[in-house]
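Listing of start35.txt, compact mmCIF, C-alpha atoms
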# COMPACT_ATOMS: atom_id res chain seq x y z
CA MET A 287 0.00 0.00 0.00
CA ILE A 288 1.22 3.50 -0.86
CA ILE A 289 1.24 6.41 1.58
CA TYR A 290 0.74 9.88 0.11
CA PRO A 291 1.59 12.71 2.52
CA ALA A 292 -0.49 15.70 1.47
CA ILE A 293 0.48 19.25 0.59
CA ASP A 294 -2.63 21.40 0.20
CA ILE A 295 -1.88 24.87 -1.16
CA LEU A 296 -4.00 27.99 -0.67
CA GLY A 297 -2.66 31.40 -1.54
CA GLY A 298 0.75 29.85 -2.09
CA LYS A 299 0.87 28.53 1.48
CA VAL A 300 0.59 25.08 3.04
CA VAL A 301 -2.79 24.74 4.75
CA ARG A 302 -5.34 22.22 5.95
CA LEU A 303 -9.05 22.82 5.63
CA LEU A 304 -11.71 21.54 8.00
CA LYS A 305 -14.33 19.57 6.07
CA GLY A 306 -13.42 21.51 2.93
CA ASP A 307 -14.36 24.87 4.46
CA TYR A 308 -12.15 27.56 2.92
CA GLY A 309 -13.09 29.84 5.79
CA LYS A 310 -11.46 27.41 8.23
CA ALA A 311 -8.01 27.10 6.68
CA GLU A 312 -5.20 26.40 9.12
CA ASN A 313 -1.87 27.77 7.90
CA TYR A 314 1.44 26.07 8.57
CA SER A 315 4.72 27.93 8.80
CA LEU A 316 6.73 25.76 6.42
CA THR A 317 6.82 26.40 2.67
CA CYS A 318 5.57 23.96 0.06
CA VAL A 319 9.13 22.92 -0.77
CA GLU A 320 10.04 22.56 2.91
CA ALA A 321 7.04 20.28 3.41
CA ALA A 322 8.04 18.18 0.41
CA LEU A 323 11.66 17.87 1.52
CA ASN A 324 10.55 16.99 5.03
CA PHE A 325 8.38 14.17 3.70
CA LYS A 326 11.20 12.97 1.45
CA ALA A 327 13.64 12.96 4.38
CA GLN A 328 11.26 10.65 6.27
CA GLY A 329 11.18 8.19 3.40
CA ALA A 330 8.17 9.22 1.33
CA SER A 331 8.38 8.31 -2.35
CA HIS A 332 4.92 9.68 -3.20
CA ILE A 333 3.29 13.07 -2.51
CA HIS A 334 -0.27 14.30 -2.98
CA ALA A 335 -0.35 18.01 -3.94
CA VAL A 336 -3.55 20.02 -4.33
CA ASP A 337 -4.13 23.55 -5.61
CA LEU A 338 -7.06 24.58 -3.43
CA ASP A 339 -7.39 27.95 -5.15
CA GLY A 340 -7.54 26.07 -8.44
CA ALA A 341 -10.21 23.69 -7.15
CA LYS A 342 -12.44 26.68 -6.47
CA SER A 343 -11.63 28.79 -9.54
CA GLY A 344 -10.95 26.16 -12.19
CA THR A 345 -7.56 27.66 -13.02
CA ALA A 346 -4.05 26.59 -12.03
CA CYS A 347 -3.40 29.29 -9.44
CA ASN A 348 -0.52 27.51 -7.68
CA ALA A 349 1.05 25.64 -10.58
CA ASP A 350 4.43 27.23 -9.85
CA LYS A 351 4.39 26.02 -6.25
CA ILE A 352 3.48 22.52 -7.35
CA ALA A 353 6.24 22.54 -9.97
CA ASP A 354 8.66 23.47 -7.17
CA VAL A 355 7.44 20.53 -5.08
CA ILE A 356 7.93 18.14 -7.99
CA SER A 357 11.40 19.46 -8.78
CA ALA A 358 12.67 19.63 -5.19
CA SER A 359 11.32 16.28 -3.99
CA GLY A 360 12.04 14.03 -6.92
CA ALA A 361 9.01 12.07 -5.72
CA PHE A 362 6.05 10.68 -7.63
CA VAL A 363 3.71 13.63 -7.21
CA GLU A 364 0.01 13.34 -7.99
CA VAL A 365 -1.56 16.74 -8.61
CA GLY A 366 -5.14 17.89 -8.21
CA GLY A 367 -7.20 21.03 -8.00
CA GLY A 368 -8.85 22.86 -10.88
CA ILE A 369 -7.52 20.68 -13.70
CA ARG A 370 -10.25 21.05 -16.30
CA SER A 371 -8.45 21.23 -19.63
CA GLU A 372 -6.06 19.10 -21.64
CA GLU A 373 -3.62 22.01 -21.71
CA GLN A 374 -3.34 21.95 -17.93
CA ILE A 375 -2.91 18.18 -17.91
CA ILE A 376 -0.04 18.53 -20.38
CA SER A 377 1.49 21.38 -18.40
CA TYR A 378 1.58 19.38 -15.16
CA LEU A 379 2.88 16.25 -16.88
CA ASN A 380 5.59 18.31 -18.54
CA SER A 381 6.50 19.65 -15.09
CA GLY A 382 7.14 16.08 -14.01
CA ALA A 383 3.90 15.17 -12.26
CA GLY A 384 3.41 11.41 -11.86
CA ARG A 385 -0.26 11.75 -12.59
CA VAL A 386 -3.01 14.36 -12.53
CA ILE A 387 -6.34 14.14 -10.74
CA LEU A 388 -9.55 15.19 -12.47
CA GLY A 389 -12.42 16.05 -10.17
CA THR A 390 -15.18 18.50 -11.10
CA VAL A 391 -14.66 17.97 -14.83
CA ALA A 392 -15.23 14.23 -14.37
CA VAL A 393 -18.78 14.99 -13.29
CA ARG A 394 -19.49 17.79 -15.76
CA ASP A 395 -17.77 16.36 -18.85
CA PHE A 396 -17.44 12.60 -18.54
CA GLY A 397 -16.44 12.25 -22.17
CA PHE A 398 -13.40 14.47 -21.59
CA VAL A 399 -12.22 12.20 -18.79
CA MET A 400 -12.66 9.08 -20.89
CA LYS A 401 -10.71 10.66 -23.75
CA THR A 402 -7.82 11.91 -21.63
CA ALA A 403 -7.61 8.71 -19.59
CA GLU A 404 -7.14 6.76 -22.81
CA LYS A 405 -4.73 9.28 -24.31
CA TYR A 406 -2.57 9.61 -21.17
CA ALA A 407 -2.80 6.04 -19.96
CA GLY A 408 -1.71 5.61 -16.37
CA LYS A 409 -1.36 9.36 -15.89
CA ILE A 410 -4.99 10.20 -15.08
CA ALA A 411 -6.84 9.56 -11.82
CA VAL A 412 -10.29 10.76 -10.83
CA GLY A 413 -10.97 12.45 -7.52
CA VAL A 414 -14.37 11.54 -6.12
CA ASP A 415 -15.22 13.91 -3.29
CA ALA A 416 -18.31 12.93 -1.36
CA LEU A 417 -20.59 14.11 1.42
CA ASN A 418 -22.94 11.41 2.71
CA GLU A 419 -22.09 9.43 -0.44
CA LYS A 420 -23.16 12.29 -2.71
CA ILE A 421 -20.57 13.81 -5.03
CA ALA A 422 -19.42 17.39 -4.39
CA VAL A 423 -17.79 19.61 -7.02
CA SER A 424 -16.24 23.07 -7.45
CA GLY A 425 -13.96 22.90 -4.45
CA TRP A 426 -16.60 20.97 -2.48
CA ARG A 427 -18.96 23.96 -2.50
CA GLU A 428 -21.69 22.27 -4.57
CA VAL A 429 -23.14 18.88 -3.56
CA THR A 430 -24.88 16.98 -6.34
CA ASP A 431 -27.43 14.18 -6.14
CA ILE A 432 -25.02 11.70 -7.76
CA ASN A 433 -24.29 8.64 -5.66
CA SER A 434 -20.54 8.48 -5.17
CA VAL A 435 -20.19 4.69 -5.06
CA ASP A 436 -22.28 4.26 -8.21
CA PHE A 437 -20.15 6.91 -9.90
CA CYS A 438 -17.01 4.95 -9.04
CA LYS A 439 -18.55 1.92 -10.74
CA LYS A 440 -19.29 4.07 -13.78
CA LEU A 441 -15.66 5.19 -13.84
CA ARG A 442 -14.47 1.59 -13.70
CA ASP A 443 -16.82 0.61 -16.51
CA ALA A 444 -15.41 3.47 -18.61
CA GLY A 445 -11.86 2.20 -18.15
CA ILE A 446 -10.73 4.49 -15.34
CA LYS A 447 -8.40 2.54 -13.09
CA ASP A 448 -7.50 4.98 -10.28
CA VAL A 449 -9.87 6.81 -7.93
CA ILE A 450 -9.03 9.08 -5.02
CA TYR A 451 -12.09 8.98 -2.77
CA THR A 452 -12.40 11.73 -0.17
CA ASP A 453 -15.00 11.77 2.59
CA ILE A 454 -15.53 15.52 3.04
CA SER A 455 -17.26 15.15 6.40
CA ARG A 456 -14.07 13.67 7.86
CA ASP A 457 -11.39 15.58 5.99
CA GLY A 458 -9.20 17.56 8.36
CA THR A 459 -11.07 16.36 11.45
CA LEU A 460 -8.71 13.64 12.75
CA LEU A 461 -11.86 11.64 13.52
CA GLY A 462 -10.95 8.64 11.39
CA THR A 463 -11.99 7.45 7.95
CA ASP A 464 -15.31 5.97 6.92
CA LEU A 465 -14.13 2.37 6.67
CA LYS A 466 -17.57 1.20 5.55
CA VAL A 467 -17.49 3.17 2.31
CA TYR A 468 -14.01 1.86 1.49
CA GLU A 469 -15.20 -1.68 2.10
CA LYS A 470 -17.77 -1.03 -0.64
CA LEU A 471 -15.27 0.57 -2.99
CA VAL A 472 -12.64 -2.18 -2.83
CA LYS A 473 -15.27 -4.61 -4.08
CA ILE A 474 -15.38 -2.77 -7.42
CA GLU A 475 -13.14 -5.13 -9.35
CA GLY A 476 -10.50 -3.44 -11.49
CA LEU A 477 -10.54 -0.16 -9.57
CA ASN A 478 -7.53 1.08 -7.55
CA VAL A 479 -8.81 2.98 -4.52
CA THR A 480 -6.97 5.71 -2.64
CA ALA A 481 -8.52 6.63 0.71
CA SER A 482 -8.54 10.28 1.74
CA GLY A 483 -10.06 12.16 4.65
CA GLY A 484 -9.75 11.79 8.39
CA ALA A 485 -6.97 9.22 8.82
CA ALA A 486 -5.71 9.73 12.37
CA SER A 487 -3.90 6.62 13.62
CA LEU A 488 -1.55 3.81 12.61
CA SER A 489 -4.19 1.24 13.47
CA GLU A 490 -6.44 2.84 10.89
CA ILE A 491 -3.71 2.72 8.26
CA LYS A 492 -3.34 -0.99 8.97
CA LEU A 493 -7.10 -1.56 8.72
CA LEU A 494 -7.29 0.22 5.37
CA LYS A 495 -4.51 -2.00 4.10
CA GLU A 496 -6.27 -5.12 5.38
CA ILE A 497 -9.52 -4.32 3.58
CA GLY A 498 -7.63 -3.85 0.31
CA VAL A 499 -7.22 -0.11 -0.18
CA ASP A 500 -4.35 0.62 -2.59
CA ALA A 501 -3.18 3.92 -1.09
CA VAL A 502 -3.90 6.37 1.73
CA ILE A 503 -3.51 10.14 1.76
CA ILE A 504 -2.50 11.56 5.12
CA GLY A 505 -2.62 15.28 5.80
CA LYS A 506 -3.49 16.92 9.08
CA ALA A 507 -2.47 13.87 11.12
CA LEU A 508 1.11 14.38 9.92
CA TYR A 509 1.17 18.13 10.48
CA GLU A 510 -0.33 17.79 13.96
CA GLY A 511 1.86 14.86 14.96
CA ALA A 512 -0.95 12.33 15.37
CA ILE A 513 0.82 10.00 12.91
CA ASN A 514 4.56 9.66 12.37
CA LEU A 515 5.24 9.37 8.64
CA ARG A 516 8.04 6.85 9.03
CA ASP A 517 5.76 4.63 11.11
CA ALA A 518 2.97 4.98 8.56
CA LEU A 519 5.29 3.99 5.71
CA ARG A 520 6.49 1.00 7.69
CA ALA A 521 2.91 -0.08 8.46
CA ALA A 522 2.00 0.19 4.79
CA GLU A 523 4.88 -2.09 3.81
CA GLU A 524 4.34 -4.80 6.43
This entry written out as structure tokens:
Amino acid sequence: MIIYPAIDILGGKVVRLLKGDYGKAENYSLTCVEAALNFKAQGASHIHAVDLDGAKSGTACNADKIADVISASGAFVEVGGGIRSEEQIISYLNSGAGRVILGTVAVRDFGFVMKTAEKYAGKIAVGVDALNEKIAVSGWREVTDINSVDFCKKLRDAGIKDVIYTDISRDGTLLGTDLKVYEKLVKIEGLNVTASGGAASLSEIKLLKEIGVDAVIIGKALYEGAINLRDALRAAEE
């Protein structure tokens, strides 16, 4: 199982949101590059980087910061937040991103996702952000009536192999992940599932691995010291 330490960027700074609320952004003193180098020093080979401004606006507001993270870390960096055009996909891939995450556009233009996933095989993942198993878009500000688990099945049927599933109600809370929804998702044969939102303990990391999750994104728990990254990496490998 892969561990992705998270770098969420708002206004060029490293932050963590509470349940996706932009009005409740907690700033951290280290820079994006410092965060990346810190994760690398602890053994991380993968990083999850998100342009929160981009998620809200639909434009790559912090592309330069993300490019710095990619360059400085030398890690496999998956990038999300406001990626809604092929030009932006190409730009991030040319910057060295391991893969890009399509979120809002996957809901609003499914054909675009199918086309780009085929064209850039292995380089496209879809971010499914959900509140009470209903998909949210536009930086989590708009909740649709689309069932998130059914949508993941639709993605699999369309040939999408990688999904990053975030439970908004738990993101940034340190209250633990919704294990029940991941138990549903891992049963979708042919889909690689990354769990995101609320992970707060090593025991939880181990449980996610046991049920068959392919990767886990850890954010606030690392910044607040609830989880030691080295320990999490070790648990994921055991």
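Among the candidates A:Ala335, A:Val300, A:Ala349, A:Val467, the one nearest to Ser377 (chain A) when counting all atoms listed in the file is A:Ala349.
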Enumerate, in order of chain and increasing residue number, the residues of region 316-412 of chain A with an atom no farther than 8 Å from region 427-448 of chain A, each with its shortest atom pair and distance in Å to one decimal, counting only C-alpha atoms, as JSON lines.
{"residue": "A:Met400", "atom": "CA", "partner": "A:Ala444", "partner_atom": "CA", "distance": 6.7}
{"residue": "A:Ala403", "atom": "CA", "partner": "A:Ile446", "partner_atom": "CA", "distance": 6.8}
{"residue": "A:Ile410", "atom": "CA", "partner": "A:Asp448", "partner_atom": "CA", "distance": 7.5}
{"residue": "A:Ala411", "atom": "CA", "partner": "A:Asp448", "partner_atom": "CA", "distance": 4.9}
{"residue": "A:Val412", "atom": "CA", "partner": "A:Asp448", "partner_atom": "CA", "distance": 6.4}
**Message:** Can you tell me which residues surround Ile356 (chain A) at a distance of at most 10 Å, considering only C-alpha atoms, apart from same-chain residues fewer than 2 positions away, and format the answer as a ChimeraX atom specification?
**Reply:** /A:319,322,333,335,350-354,358-365,378,381-384
**Request:** Give me the residues within 6 Å of Met287 (chain A) as a ChimeraX atom specification, counting only C-alpha atoms and dropping any in the same chain fewer than 2 places off.
**Result:** /A:500-501,522
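CA of Ile504 (chain A) is positioned 19.9 Å from CA of Gly298 (chain A).
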**Fill in**
Using only C-alpha atoms, the residue out of A:Lys506, A:Lys310, A:Arg370, A:Lys492 with shortest distance to Gly458 (chain A) is A:Lys506
**Request:** Quick one: pull the distance between CA of Tyr451 (chain A) and CA of Val386 (chain A), Å, one decimal.
**Result:**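 Separating CA of Tyr451 (chain A) from CA of Val386 (chain A) is a distance of 14.4 Å.
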**Request:** Identify which of the residues A:Ile497, A:Val502, A:Ala346, A:Val449 lies closest to Asn478 (chain A), counting only C-alpha atoms when measuring atom-to-atom distances.
**Result:**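 Among A:Ile497, A:Val502, A:Ala346, A:Val449, it is A:Val449 that comes nearest to Asn478 (chain A).
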Where atoms are absent from region 364-376 of chain A, fill them in so it carries N, CA and C atoms, then output it as a PDB file, keeping the file's coordinate frame.
ATOM      1  N   GLU A 364       1.301  13.260  -7.337  1.00  0.00           N
ATOM      2  CA  GLU A 364       0.010  13.340  -7.990  1.00  0.00           C
ATOM      3  C   GLU A 364      -0.572  14.717  -7.679  1.00  0.00           C
ATOM      4  N   VAL A 365      -1.144  15.341  -8.706  1.00  0.00           N
ATOM      5  CA  VAL A 365      -1.560  16.740  -8.610  1.00  0.00           C
ATOM      6  C   VAL A 365      -3.051  16.878  -8.877  1.00  0.00           C
ATOM      7  N   GLY A 366      -3.725  17.627  -8.023  1.00  0.00           N
ATOM      8  CA  GLY A 366      -5.140  17.890  -8.210  1.00  0.00           C
ATOM      9  C   GLY A 366      -5.492  19.331  -7.929  1.00  0.00           C
ATOM     10  N   GLY A 367      -6.719  19.692  -8.286  1.00  0.00           N
ATOM     11  CA  GLY A 367      -7.200  21.030  -8.000  1.00  0.00           C
ATOM     12  C   GLY A 367      -7.361  21.896  -9.228  1.00  0.00           C
ATOM     13  N   GLY A 368      -8.566  21.952  -9.777  1.00  0.00           N
ATOM     14  CA  GLY A 368      -8.850  22.860 -10.880  1.00  0.00           C
ATOM     15  C   GLY A 368      -8.346  22.422 -12.234  1.00  0.00           C
ATOM     16  N   ILE A 369      -8.035  21.155 -12.415  1.00  0.00           N
ATOM     17  CA  ILE A 369      -7.520  20.680 -13.700  1.00  0.00           C
ATOM     18  C   ILE A 369      -8.711  20.316 -14.587  1.00  0.00           C
ATOM     19  N   ARG A 370      -9.036  21.216 -15.509  1.00  0.00           N
ATOM     20  CA  ARG A 370     -10.250  21.050 -16.300  1.00  0.00           C
ATOM     21  C   ARG A 370     -10.021  21.199 -17.791  1.00  0.00           C
ATOM     22  N   SER A 371      -8.763  21.145 -18.202  1.00  0.00           N
ATOM     23  CA  SER A 371      -8.450  21.230 -19.630  1.00  0.00           C
ATOM     24  C   SER A 371      -7.272  20.337 -19.952  1.00  0.00           C
ATOM     25  N   GLU A 372      -7.183  19.931 -21.225  1.00  0.00           N
ATOM     26  CA  GLU A 372      -6.060  19.100 -21.640  1.00  0.00           C
ATOM     27  C   GLU A 372      -4.751  19.881 -21.551  1.00  0.00           C
ATOM     28  N   GLU A 373      -4.818  21.176 -21.786  1.00  0.00           N
ATOM     29  CA  GLU A 373      -3.620  22.010 -21.710  1.00  0.00           C
ATOM     30  C   GLU A 373      -3.015  21.962 -20.310  1.00  0.00           C
ATOM     31  N   GLN A 374      -3.863  21.986 -19.294  1.00  0.00           N
ATOM     32  CA  GLN A 374      -3.340  21.950 -17.930  1.00  0.00           C
ATOM     33  C   GLN A 374      -2.799  20.565 -17.580  1.00  0.00           C
ATOM     34  N   ILE A 375      -3.437  19.538 -18.099  1.00  0.00           N
ATOM     35  CA  ILE A 375      -2.910  18.180 -17.910  1.00  0.00           C
ATOM     36  C   ILE A 375      -1.499  18.101 -18.483  1.00  0.00           C
ATOM     37  N   ILE A 376      -1.342  18.564 -19.712  1.00  0.00           N
ATOM     38  CA  ILE A 376      -0.040  18.530 -20.380  1.00  0.00           C
ATOM     39  C   ILE A 376       0.988  19.335 -19.609  1.00  0.00           C
TER      40      ILE A 376
END
